[in-house]
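Q: Enclosed is the structure file upload-v5.txt (compact mmCIF, C-alpha atoms and all ligand atoms).
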```txt
# COMPACT_ATOMS: atom_id res chain seq x y z
CA MET A 733 2.37 -5.75 -24.75
CA ALA A 734 0.69 -2.65 -23.37
CA ARG A 735 1.88 0.90 -22.70
CA ILE A 736 1.18 1.35 -19.00
CA LEU A 737 1.37 4.47 -16.82
CA VAL A 738 1.99 3.68 -13.15
CA THR A 739 1.31 6.62 -10.82
CA GLY A 740 3.16 6.29 -7.53
CA GLY A 741 5.56 4.01 -9.40
CA SER A 742 8.64 4.78 -7.31
CA GLY A 743 6.75 3.93 -4.11
CA PHE A 744 7.01 0.64 -2.28
CA ILE A 745 4.25 -1.28 -4.08
CA GLY A 746 4.43 0.79 -7.28
CA SER A 747 8.10 -0.03 -7.87
CA ALA A 748 7.50 -3.76 -7.34
CA LEU A 749 4.59 -3.60 -9.77
CA VAL A 750 6.66 -1.62 -12.31
CA LYS A 751 9.40 -4.28 -12.22
CA ALA A 752 6.88 -7.07 -12.73
CA LEU A 753 5.20 -5.24 -15.64
CA VAL A 754 8.58 -4.61 -17.31
CA LYS A 755 9.45 -8.28 -16.84
CA ALA A 756 6.17 -9.24 -18.49
CA GLY A 757 7.20 -7.19 -21.55
CA HIS A 758 5.11 -4.03 -21.08
CA ALA A 759 6.32 -0.50 -21.82
CA VAL A 760 6.10 1.34 -18.50
CA ARG A 761 5.99 5.03 -17.68
CA VAL A 762 6.13 6.19 -14.06
CA LEU A 763 4.62 9.39 -12.66
CA ASP A 764 5.73 10.19 -9.13
CA ASP A 765 6.83 13.30 -7.24
CA ASN A 766 9.16 11.16 -5.10
CA SER A 767 7.66 12.66 -1.94
CA ARG A 768 7.80 9.13 -0.60
CA GLY A 769 9.05 7.39 -3.68
CA ALA A 770 12.74 6.68 -4.17
CA PRO A 771 14.68 6.30 -7.43
CA ARG A 772 16.77 3.55 -5.76
CA ARG A 773 13.74 1.27 -5.93
CA LEU A 774 13.76 1.46 -9.74
CA VAL A 775 17.51 1.21 -10.46
CA ASP A 776 17.16 -2.34 -11.84
CA VAL A 777 14.73 -1.13 -14.51
CA ALA A 778 15.87 2.49 -14.90
CA LYS A 779 16.90 1.88 -18.51
CA ASP A 780 13.66 0.14 -19.40
CA ILE A 781 11.17 2.71 -18.13
CA GLU A 782 10.32 6.34 -18.63
CA PHE A 783 10.20 8.37 -15.41
CA ILE A 784 8.21 11.59 -15.13
CA GLY A 785 8.77 13.56 -11.95
CA GLY A 786 5.61 15.50 -11.11
CA ASP A 787 2.65 16.05 -8.84
CA ILE A 788 -0.51 14.03 -9.40
CA ARG A 789 -2.47 17.12 -8.24
CA ASP A 790 -1.27 19.04 -11.28
CA ALA A 791 -3.73 18.45 -14.14
CA ALA A 792 -1.31 19.44 -16.92
CA THR A 793 1.31 17.01 -15.62
CA VAL A 794 -1.15 14.14 -15.49
CA HIS A 795 -2.52 14.95 -18.97
CA GLY A 796 1.06 14.99 -20.32
CA ALA A 797 1.90 11.67 -18.67
CA MET A 798 -1.21 10.04 -20.15
CA SER A 799 -0.32 10.64 -23.80
CA GLY A 800 0.32 7.47 -25.80
CA VAL A 801 -0.78 5.21 -22.95
CA ASP A 802 -3.17 2.20 -23.16
CA GLU A 803 -3.68 1.63 -19.47
CA VAL A 804 -3.11 3.36 -16.14
CA HIS A 805 -2.40 1.87 -12.73
CA HIS A 806 -3.20 4.59 -10.19
CA LEU A 807 -1.26 4.12 -6.95
CA ALA A 808 -0.11 7.67 -6.08
CA PHE A 809 -1.53 8.50 -2.64
CA VAL A 810 -0.23 9.68 0.73
CA ASN A 811 0.25 6.42 2.62
CA GLY A 812 1.57 5.82 6.15
CA THR A 813 -0.69 5.86 9.22
CA GLU A 814 1.11 8.72 10.97
CA PHE A 815 0.31 11.05 8.03
CA PHE A 816 -3.41 10.29 8.33
CA TYR A 817 -3.24 12.00 11.73
CA SER A 818 -0.63 14.71 11.01
CA ALA A 819 -1.64 15.82 7.47
CA PRO A 820 -5.23 14.72 6.74
CA GLU A 821 -5.81 17.67 4.38
CA LEU A 822 -2.81 16.59 2.28
CA VAL A 823 -4.05 12.99 2.22
CA LEU A 824 -7.38 14.18 0.78
CA ASP A 825 -5.79 16.73 -1.55
CA VAL A 826 -3.60 14.08 -3.20
CA GLY A 827 -6.32 11.43 -3.04
CA VAL A 828 -9.21 13.45 -4.48
CA LYS A 829 -7.42 15.82 -6.89
CA GLY A 830 -5.23 12.94 -8.06
CA MET A 831 -8.26 10.79 -8.86
CA VAL A 832 -10.08 13.63 -10.63
CA ASN A 833 -6.97 14.33 -12.72
CA VAL A 834 -6.46 10.67 -13.61
CA ILE A 835 -10.08 10.23 -14.74
CA ASP A 836 -10.07 13.50 -16.72
CA ALA A 837 -6.74 12.70 -18.39
CA CYS A 838 -7.89 9.17 -19.25
CA ARG A 839 -11.00 10.55 -20.88
CA ALA A 840 -9.06 13.23 -22.78
CA ALA A 841 -6.47 10.74 -24.08
CA ASN A 842 -9.03 7.94 -24.60
CA VAL A 843 -7.30 5.62 -22.15
CA ARG A 844 -9.97 3.02 -21.40
CA ARG A 845 -8.25 0.72 -18.92
CA LEU A 846 -7.74 1.65 -15.26
CA VAL A 847 -6.39 -0.30 -12.29
CA LEU A 848 -6.90 1.48 -8.95
CA ALA A 849 -5.18 0.83 -5.63
CA SER A 850 -7.71 1.14 -2.82
CA SER A 851 -7.19 -0.17 0.72
CA SER A 852 -8.56 -2.35 3.51
CA GLU A 853 -8.96 0.95 5.42
CA VAL A 854 -12.26 1.49 3.55
CA TYR A 855 -13.88 -0.93 6.04
CA GLN A 856 -12.47 0.58 9.25
CA THR A 857 -13.90 -1.94 11.74
CA PRO A 858 -15.49 -4.55 9.48
CA PRO A 859 -18.66 -6.30 10.71
CA GLN A 860 -17.15 -9.67 9.91
CA VAL A 861 -13.61 -11.07 9.90
CA PRO A 862 -12.40 -12.55 7.58
CA THR A 863 -13.92 -9.75 5.52
CA ASP A 864 -15.09 -10.14 1.94
CA GLU A 865 -15.41 -7.42 -0.68
CA SER A 866 -19.14 -6.87 -0.03
CA ALA A 867 -18.62 -5.46 3.51
CA PRO A 868 -19.86 -1.84 3.82
CA LEU A 869 -17.38 1.00 3.33
CA VAL A 870 -17.59 3.46 6.21
CA VAL A 871 -16.30 6.76 7.55
CA PRO A 872 -17.33 6.36 11.20
CA ASP A 873 -16.44 9.92 12.26
CA PRO A 874 -15.50 12.77 9.90
CA THR A 875 -13.88 14.67 12.79
CA ASN A 876 -11.27 11.96 13.31
CA PRO A 877 -8.37 12.78 10.93
CA ARG A 878 -7.52 9.09 10.58
CA TYR A 879 -10.44 8.63 8.21
CA SER A 880 -8.98 11.08 5.68
CA TYR A 881 -7.22 8.11 4.13
CA GLY A 882 -10.15 5.67 4.08
CA GLY A 883 -12.44 8.51 2.95
CA GLY A 884 -10.08 9.39 0.10
CA LYS A 885 -10.04 5.76 -0.99
CA ILE A 886 -13.85 5.51 -0.86
CA ILE A 887 -14.14 8.61 -3.09
CA SER A 888 -11.56 7.13 -5.48
CA GLU A 889 -13.48 3.85 -5.72
CA LEU A 890 -16.79 5.66 -6.32
CA MET A 891 -15.23 7.69 -9.11
CA ALA A 892 -13.50 4.71 -10.73
CA ILE A 893 -16.72 2.70 -10.82
CA ASN A 894 -19.17 5.43 -11.81
CA TYR A 895 -17.00 6.93 -14.54
CA GLY A 896 -15.87 3.43 -15.41
CA ARG A 897 -19.38 2.38 -16.46
CA LYS A 898 -19.56 5.03 -19.18
CA PHE A 899 -16.04 5.89 -20.20
CA PHE A 900 -13.84 2.82 -19.67
CA ASP A 901 -13.64 -0.73 -21.04
CA ARG A 902 -11.88 -2.19 -18.03
CA VAL A 903 -11.75 -0.76 -14.52
CA MET A 904 -10.48 -2.94 -11.70
CA ILE A 905 -9.89 -2.07 -8.06
CA PHE A 906 -7.62 -3.92 -5.67
CA ARG A 907 -7.79 -3.53 -1.91
CA PRO A 908 -4.40 -4.47 -0.48
CA HIS A 909 -4.24 -5.67 3.12
CA ASN A 910 -1.09 -4.75 5.09
CA VAL A 911 1.60 -5.21 2.50
CA TYR A 912 5.17 -5.51 3.73
CA GLY A 913 8.67 -6.18 2.44
CA PRO A 914 12.12 -4.57 2.34
CA ASP A 915 12.13 -0.80 1.73
CA MET A 916 8.42 -0.43 2.50
CA GLY A 917 8.82 3.04 4.02
CA PHE A 918 9.43 3.85 7.67
CA GLU A 919 5.91 4.79 8.78
CA HIS A 920 4.57 1.28 9.27
CA VAL A 921 4.49 -1.14 12.15
CA ILE A 922 7.14 -3.63 10.95
CA PRO A 923 9.89 -1.06 10.20
CA GLN A 924 9.04 0.88 13.36
CA PHE A 925 9.28 -2.27 15.50
CA ALA A 926 12.52 -3.38 13.83
CA LEU A 927 14.29 -0.06 14.39
CA ARG A 928 12.93 0.41 17.91
CA LEU A 929 14.11 -3.07 18.80
CA LYS A 930 17.57 -2.34 17.42
CA ARG A 931 17.81 0.86 19.50
CA THR A 932 16.42 -0.78 22.64
CA ALA A 933 18.88 -3.66 22.31
CA ALA A 934 21.76 -1.19 22.04
CA LYS A 935 20.68 0.40 25.36
CA HIS A 936 19.94 -2.78 27.32
CA LYS A 937 22.87 -5.13 26.93
CA THR A 938 21.36 -8.04 28.90
CA GLY A 939 18.02 -9.58 29.85
CA ARG A 940 14.55 -9.24 28.36
CA LEU A 941 14.08 -5.99 26.50
CA PRO A 942 11.12 -3.77 27.51
CA PHE A 943 9.06 -3.16 24.37
CA GLU A 944 6.15 -0.69 24.30
CA ILE A 945 3.08 -1.72 22.39
CA GLN A 946 -0.32 -0.13 21.76
CA GLY A 947 -2.99 -1.80 23.89
CA GLU A 948 -2.15 -5.35 24.83
CA GLY A 949 -0.65 -6.24 21.45
CA ARG A 950 -3.63 -8.50 20.72
CA GLN A 951 -4.81 -6.54 17.67
CA THR A 952 -4.41 -8.73 14.61
CA ARG A 953 -3.37 -8.02 11.05
CA SER A 954 -2.70 -10.23 8.01
CA PHE A 955 0.61 -9.22 6.50
CA CYS A 956 0.93 -9.84 2.77
CA HIS A 957 4.39 -9.98 1.23
CA VAL A 958 4.85 -7.50 -1.61
CA ASP A 959 5.71 -10.33 -4.05
CA ASP A 960 2.31 -11.90 -3.31
CA LEU A 961 0.61 -8.51 -3.68
CA VAL A 962 2.11 -8.03 -7.14
CA ARG A 963 1.18 -11.56 -8.18
CA GLY A 964 -2.37 -10.83 -7.07
CA VAL A 965 -2.63 -7.54 -8.96
CA LEU A 966 -1.41 -9.21 -12.14
CA VAL A 967 -3.92 -12.05 -11.79
CA MET A 968 -6.66 -9.44 -11.35
CA ARG A 969 -5.43 -7.43 -14.32
CA ASP A 970 -5.43 -10.49 -16.56
CA LYS A 971 -8.57 -12.27 -15.40
CA GLY A 972 -10.64 -9.85 -13.34
CA GLU A 973 -13.99 -8.53 -14.45
CA HIS A 974 -14.77 -4.97 -15.52
CA LEU A 975 -15.77 -2.89 -12.45
CA GLY A 976 -14.59 -5.74 -10.22
CA ILE A 977 -13.18 -5.18 -6.71
CA TYR A 978 -10.65 -7.66 -5.35
CA HIS A 979 -8.89 -8.20 -2.07
CA VAL A 980 -5.21 -8.91 -2.37
CA GLY A 981 -3.71 -10.23 0.83
CA THR A 982 -3.25 -13.32 2.88
CA THR A 983 -5.40 -15.16 5.42
CA GLU A 984 -2.48 -15.72 7.80
CA GLU A 985 -3.62 -13.57 10.77
CA VAL A 986 -1.12 -12.57 13.41
CA ALA A 987 -1.32 -10.56 16.66
CA ILE A 988 0.78 -7.38 16.68
CA GLY A 989 2.46 -8.53 19.91
CA ASP A 990 3.56 -11.69 18.11
CA VAL A 991 4.98 -9.63 15.25
CA ALA A 992 7.15 -7.85 17.85
CA ARG A 993 8.20 -11.21 19.33
CA LEU A 994 9.03 -12.65 15.88
CA ILE A 995 11.19 -9.63 15.04
CA ALA A 996 12.94 -9.88 18.41
CA ALA A 997 13.52 -13.61 18.03
CA HIS A 998 15.00 -13.08 14.58
CA ALA A 999 17.44 -10.57 16.13
CA GLY A 1000 18.26 -12.99 18.98
CA HIS A 1001 16.39 -11.15 21.76
CA GLU A 1002 13.54 -11.77 24.14
CA ILE A 1003 11.10 -8.94 24.87
CA GLU A 1004 8.67 -7.98 27.61
CA LEU A 1005 5.64 -6.17 26.15
CA VAL A 1006 4.77 -2.90 27.92
CA SER A 1007 1.19 -1.79 27.23
CA ARG A 1008 0.51 1.80 26.06
CA PRO A 1009 -2.87 3.40 25.15
CA ALA A 1010 -3.83 2.93 21.50
CA PRO A 1011 -4.84 6.04 19.47
CA ALA A 1012 -8.52 6.39 18.61
CA GLY A 1013 -9.72 4.89 15.36
CA GLY A 1014 -7.67 1.72 15.10
CA THR A 1015 -9.36 -1.62 14.54
CA GLU A 1016 -8.96 -4.87 16.51
CA ARG A 1017 -8.90 -7.48 13.77
CA ARG A 1018 -8.21 -7.34 10.09
CA CYS A 1019 -8.05 -10.35 7.81
CA PRO A 1020 -9.29 -10.47 4.23
CA ASP A 1021 -11.43 -13.13 2.68
CA ILE A 1022 -9.46 -13.70 -0.54
CA ARG A 1023 -11.71 -16.30 -2.16
CA LYS A 1024 -12.75 -13.97 -4.99
CA LEU A 1025 -9.19 -13.56 -6.29
CA ALA A 1026 -8.33 -17.17 -5.40
CA GLY A 1027 -11.12 -18.15 -7.78
CA LEU A 1028 -9.05 -16.55 -10.56
CA GLY A 1029 -5.95 -18.53 -9.57
CA TYR A 1030 -4.31 -16.37 -6.88
CA ALA A 1031 -2.63 -18.03 -3.90
CA PRO A 1032 -0.19 -16.30 -1.51
CA GLN A 1033 3.19 -18.00 -1.51
CA VAL A 1034 5.25 -16.15 1.12
CA PRO A 1035 4.37 -16.92 4.78
CA LEU A 1036 5.30 -14.28 7.37
CA ALA A 1037 7.99 -16.55 8.81
CA ALA A 1038 9.76 -16.46 5.41
CA GLY A 1039 9.12 -12.83 4.48
CA LEU A 1040 9.75 -11.12 7.82
CA PRO A 1041 13.48 -11.90 8.38
CA PRO A 1042 14.77 -10.35 5.12
CA THR A 1043 12.50 -7.35 5.71
CA VAL A 1044 13.85 -6.83 9.23
CA ASP A 1045 17.43 -7.29 7.98
CA TRP A 1046 16.86 -4.58 5.37
CA TYR A 1047 15.84 -2.13 8.11
CA PHE A 1048 18.73 -3.10 10.38
CA ALA A 1049 21.10 -2.42 7.45
CA ASN A 1050 19.41 0.77 6.21
CA GLU A 1051 18.55 2.65 9.38
CA SER A 1052 20.43 5.64 7.97
CA LEU A 1053 17.69 6.10 5.34
CA ALA A 1054 15.04 6.76 8.01
CA PRO A 1055 13.67 10.31 7.95
CA LYS A 1056 15.35 12.41 10.64
CA ALA A 1057 13.06 13.18 13.59
N1 LIG B 1101 1.43 -0.63 1.69
C1 LIG B 1101 0.24 -1.09 2.06
O1 LIG B 1101 0.14 -1.94 2.94
C2 LIG B 1101 -1.01 -0.59 1.40
C3 LIG B 1101 -2.23 -1.06 1.88
C4 LIG B 1101 -3.39 -0.60 1.30
C5 LIG B 1101 -3.34 0.26 0.23
N2 LIG B 1101 -2.15 0.72 -0.24
C6 LIG B 1101 -2.17 1.64 -1.38
O2 LIG B 1101 -1.29 1.16 -2.38
C7 LIG B 1101 -0.68 2.27 -3.04
C8 LIG B 1101 0.81 2.19 -2.94
O3 LIG B 1101 1.18 2.17 -1.56
P1 LIG B 1101 2.67 2.09 -1.07
O4 LIG B 1101 2.71 1.27 0.15
O5 LIG B 1101 3.54 1.72 -2.20
O6 LIG B 1101 2.91 3.59 -0.61
P2 LIG B 1101 4.09 4.60 -1.02
O7 LIG B 1101 3.93 5.80 -0.17
O8 LIG B 1101 5.41 3.89 -0.98
O9 LIG B 1101 3.75 4.92 -2.54
C9 LIG B 1101 2.91 5.99 -2.91
C10 LIG B 1101 3.66 6.79 -3.96
O10 LIG B 1101 2.86 7.91 -4.32
C11 LIG B 1101 3.73 9.01 -4.49
N3 LIG B 1101 3.00 10.24 -4.30
C12 LIG B 1101 2.49 10.74 -3.14
N4 LIG B 1101 1.96 11.95 -3.35
C13 LIG B 1101 2.14 12.24 -4.67
C14 LIG B 1101 1.81 13.35 -5.47
N5 LIG B 1101 1.20 14.42 -4.96
N6 LIG B 1101 2.14 13.29 -6.78
C15 LIG B 1101 2.78 12.23 -7.31
N7 LIG B 1101 3.12 11.14 -6.59
C16 LIG B 1101 2.80 11.14 -5.27
C17 LIG B 1101 4.81 8.84 -3.43
O11 LIG B 1101 6.00 9.54 -3.72
C18 LIG B 1101 5.00 7.33 -3.45
O12 LIG B 1101 6.05 6.95 -4.32
C19 LIG B 1101 -1.25 3.53 -2.39
O13 LIG B 1101 -2.35 3.97 -3.14
C20 LIG B 1101 -1.69 3.04 -1.04
O14 LIG B 1101 -2.71 3.86 -0.51
C21 LIG B 1101 -0.98 0.31 0.33
```
Can you give me the file's structure in the form of structure tokens?
A:
Amino acid sequence: MARILVTGGSGFIGSALVKALVKAGHAVRVLDDNSRGAPRRLVDVAKDIEFIGGDIRDAATVHGAMSGVDEVHHLAFVNGTEFFYSAPELVLDVGVKGMVNVIDACRAANVRRLVLASSSEVYQTPPQVPTDESAPLVVPDPTNPRYSYGGGKIISELMAINYGRKFFDRVMIFRPHNVYGPDMGFEHVIPQFALRLKRTAAKHKTGRLPFEIQGEGRQTRSFCHVDDLVRGVLVMRDKGEHLGIYHVGTTEEVAIGDVARLIAAHAGHEIELVSRPAPAGGTERRCPDIRKLAGLGYAPQVPLAAGLPPTVDWYFANESLAPKA
């Protein structure tokens, strides 16, 4: 049993991880400012955890949250592609100050175990797909705000590893690849497609529904169910090596246009894709090579065909929770 601080613990992935850690018998403390986190995600474990509401950018808050802890899982970050474009300075503020504060507070409180959430965005357009962990990390253009997120993750990884060598016993980094599931936030492709489909279907009572898509819809992603992500992080935590970097994801690669068609089919509709220009900075293919973590015993268990319908149903039922435009 360990005393674990999870930053970003009321977020989508953080809350799933918190529940799994509680189930495994750990004492869990959450630090989150609930800017994107939601207490509803933690109701099942509310009695079992300690929740600290606060900003990861505030050093005193992070130092306070670190007291009496054995291990920290650092997930607090501004996620959601639209924010990379609309608030890149905030993405970097939270990413960089948050990481500095976590490292400083760990050192001050002698917390020597750190798990860091990075991202597949550190590769941007990887030279090889499927991509393994040795692919170069790149910021192709500092003037494109999109790279605020990937840049913030690269800085976080550099800090975790270089401070980790001297000041930590165990530092491990996971790079999640397109995690999805119910209540994943509204700023991602699956929730956006689900809600747009619902609204389009309400307007067009009959026939194939016109459905706008960036480019031709041939871009691919590999969507990893949040239950698989959590299983992967726990395998890494238990068996990973100090200063190790691990992909957590799935090798099931799917075209974005097909994701739209799957969502439509689940809702009983047919769609006609309507091509729209894609914003600069996106990447054509993304699929992780997961052999490193598989070597420790990880295997994804939830195919998209099984995980997508309940996710879409959650969004159909909870449209009222979407941020107002
Ligand atoms: N969801 C994915 O597909 C994905 C993919 C790659 C990496 N990641 C990374 O995994 C981690 C969790 O992602 P998620 O999908 O759960 O995102 P999320 O937005 O649901 O969770 C992030 C949490 O951080 C909190 N947070 C943001 N700013 C904060 C601040 N200033 N102080 C304190 N807390 C703050 C938010 O309230 C939120 O609860 C993040 O580090 C993210 O970058 C996620």
Q: List the residues sitting within 8 Å of (-8.0, 0.9, -14.0) in the file's frame, using all atoms listed in the file, as a ChimeraX atom specification.
A: /A:803-806,844-848,892,902-905
Q: Any chance you could export the current selection's C-alpha atoms as a PDB file, in the frame of the given file?
A:
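As written to disk, selection10.pdb reads:
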```pdb
ATOM      1  CA  GLU A 803      -3.680   1.630 -19.470  1.00  0.00           C
ATOM      2  CA  VAL A 804      -3.110   3.360 -16.140  1.00  0.00           C
ATOM      3  CA  HIS A 805      -2.400   1.870 -12.730  1.00  0.00           C
ATOM      4  CA  HIS A 806      -3.200   4.590 -10.190  1.00  0.00           C
ATOM      5  CA  ARG A 844      -9.970   3.020 -21.400  1.00  0.00           C
ATOM      6  CA  ARG A 845      -8.250   0.720 -18.920  1.00  0.00           C
ATOM      7  CA  LEU A 846      -7.740   1.650 -15.260  1.00  0.00           C
ATOM      8  CA  VAL A 847      -6.390  -0.300 -12.290  1.00  0.00           C
ATOM      9  CA  LEU A 848      -6.900   1.480  -8.950  1.00  0.00           C
ATOM     10  CA  ALA A 892     -13.500   4.710 -10.730  1.00  0.00           C
ATOM     11  CA  ARG A 902     -11.880  -2.190 -18.030  1.00  0.00           C
ATOM     12  CA  VAL A 903     -11.750  -0.760 -14.520  1.00  0.00           C
ATOM     13  CA  MET A 904     -10.480  -2.940 -11.700  1.00  0.00           C
ATOM     14  CA  ILE A 905      -9.890  -2.070  -8.060  1.00  0.00           C
TER      15      ILE A 905
END
```
Q: Find the residues near range 872-874 of chain A: any atom within 10 Å, counting only C-alpha atoms, skip ones fewer than 6 places away on the same chain, and give them as an mmCIF file with C-alpha atoms, in the frame of the given file.
A:
```cif
data_model
loop_
_atom_site.group_PDB
_atom_site.id
_atom_site.type_symbol
_atom_site.label_atom_id
_atom_site.label_comp_id
_atom_site.auth_asym_id
_atom_site.auth_seq_id
_atom_site.Cartn_x
_atom_site.Cartn_y
_atom_site.Cartn_z
ATOM 1 C CA TYR A 855 -13.880 -0.930 6.040
ATOM 2 C CA GLN A 856 -12.470 0.580 9.250
ATOM 3 C CA THR A 857 -13.900 -1.940 11.740
ATOM 4 C CA SER A 880 -8.980 11.080 5.680
ATOM 5 C CA GLY A 883 -12.440 8.510 2.950
ATOM 6 C CA GLY A 1013 -9.720 4.890 15.360
#
```
Q: Neighbouring residues of ligand LIG 1101 (chain B) are defined here as those with any atom at most 7 Å from a ligand atom, counting all atoms listed in the file; list them as a PyMOL selection string.
A: chain A and resi 739-746+763-770+786-789+807-812+826+849-852+907-912+916-917
Q: If you measure from CA of Leu966 in chain A to CA of Asp790 in chain A, what distance in Å do you get, rounded to one decimal?
A: 28.3 Å
Q: Find the residues near range 858-867 of chain A: any atom within 12 Å, counting only C-alpha atoms, skip ones fewer than 5 places away on the same chain, and give them as a JSON list (two decimals) with C-alpha atoms, in the frame of the given file.
A:
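Saved file result05.json follows:
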```json
[["chain", "number", "residue", "atom", "x", "y", "z"],
["A", 850, "SER", "CA", -7.71, 1.14, -2.82],
["A", 851, "SER", "CA", -7.19, -0.17, 0.72],
["A", 852, "SER", "CA", -8.56, -2.35, 3.51],
["A", 853, "GLU", "CA", -8.96, 0.95, 5.42],
["A", 872, "PRO", "CA", -17.33, 6.36, 11.20],
["A", 905, "ILE", "CA", -9.89, -2.07, -8.06],
["A", 906, "PHE", "CA", -7.62, -3.92, -5.67],
["A", 907, "ARG", "CA", -7.79, -3.53, -1.91],
["A", 908, "PRO", "CA", -4.40, -4.47, -0.48],
["A", 909, "HIS", "CA", -4.24, -5.67, 3.12],
["A", 952, "THR", "CA", -4.41, -8.73, 14.61],
["A", 953, "ARG", "CA", -3.37, -8.02, 11.05],
["A", 954, "SER", "CA", -2.70, -10.23, 8.01],
["A", 976, "GLY", "CA", -14.59, -5.74, -10.22],
["A", 977, "ILE", "CA", -13.18, -5.18, -6.71],
["A", 978, "TYR", "CA", -10.65, -7.66, -5.35],
["A", 979, "HIS", "CA", -8.89, -8.20, -2.07],
["A", 980, "VAL", "CA", -5.21, -8.91, -2.37],
["A", 981, "GLY", "CA", -3.71, -10.23, 0.83],
["A", 982, "THR", "CA", -3.25, -13.32, 2.88],
["A", 983, "THR", "CA", -5.40, -15.16, 5.42],
["A", 984, "GLU", "CA", -2.48, -15.72, 7.80],
["A", 985, "GLU", "CA", -3.62, -13.57, 10.77],
["A", 1014, "GLY", "CA", -7.67, 1.72, 15.10],
["A", 1015, "THR", "CA", -9.36, -1.62, 14.54],
["A", 1016, "GLU", "CA", -8.96, -4.87, 16.51],
["A", 1017, "ARG", "CA", -8.90, -7.48, 13.77],
["A", 1018, "ARG", "CA", -8.21, -7.34, 10.09],
["A", 1019, "CYS", "CA", -8.05, -10.35, 7.81],
["A", 1020, "PRO", "CA", -9.29, -10.47, 4.23],
["A", 1021, "ASP", "CA", -11.43, -13.13, 2.68],
["A", 1022, "ILE", "CA", -9.46, -13.70, -0.54],
["A", 1023, "ARG", "CA", -11.71, -16.30, -2.16],
["A", 1024, "LYS", "CA", -12.75, -13.97, -4.99],
["A", 1025, "LEU", "CA", -9.19, -13.56, -6.29]]
```
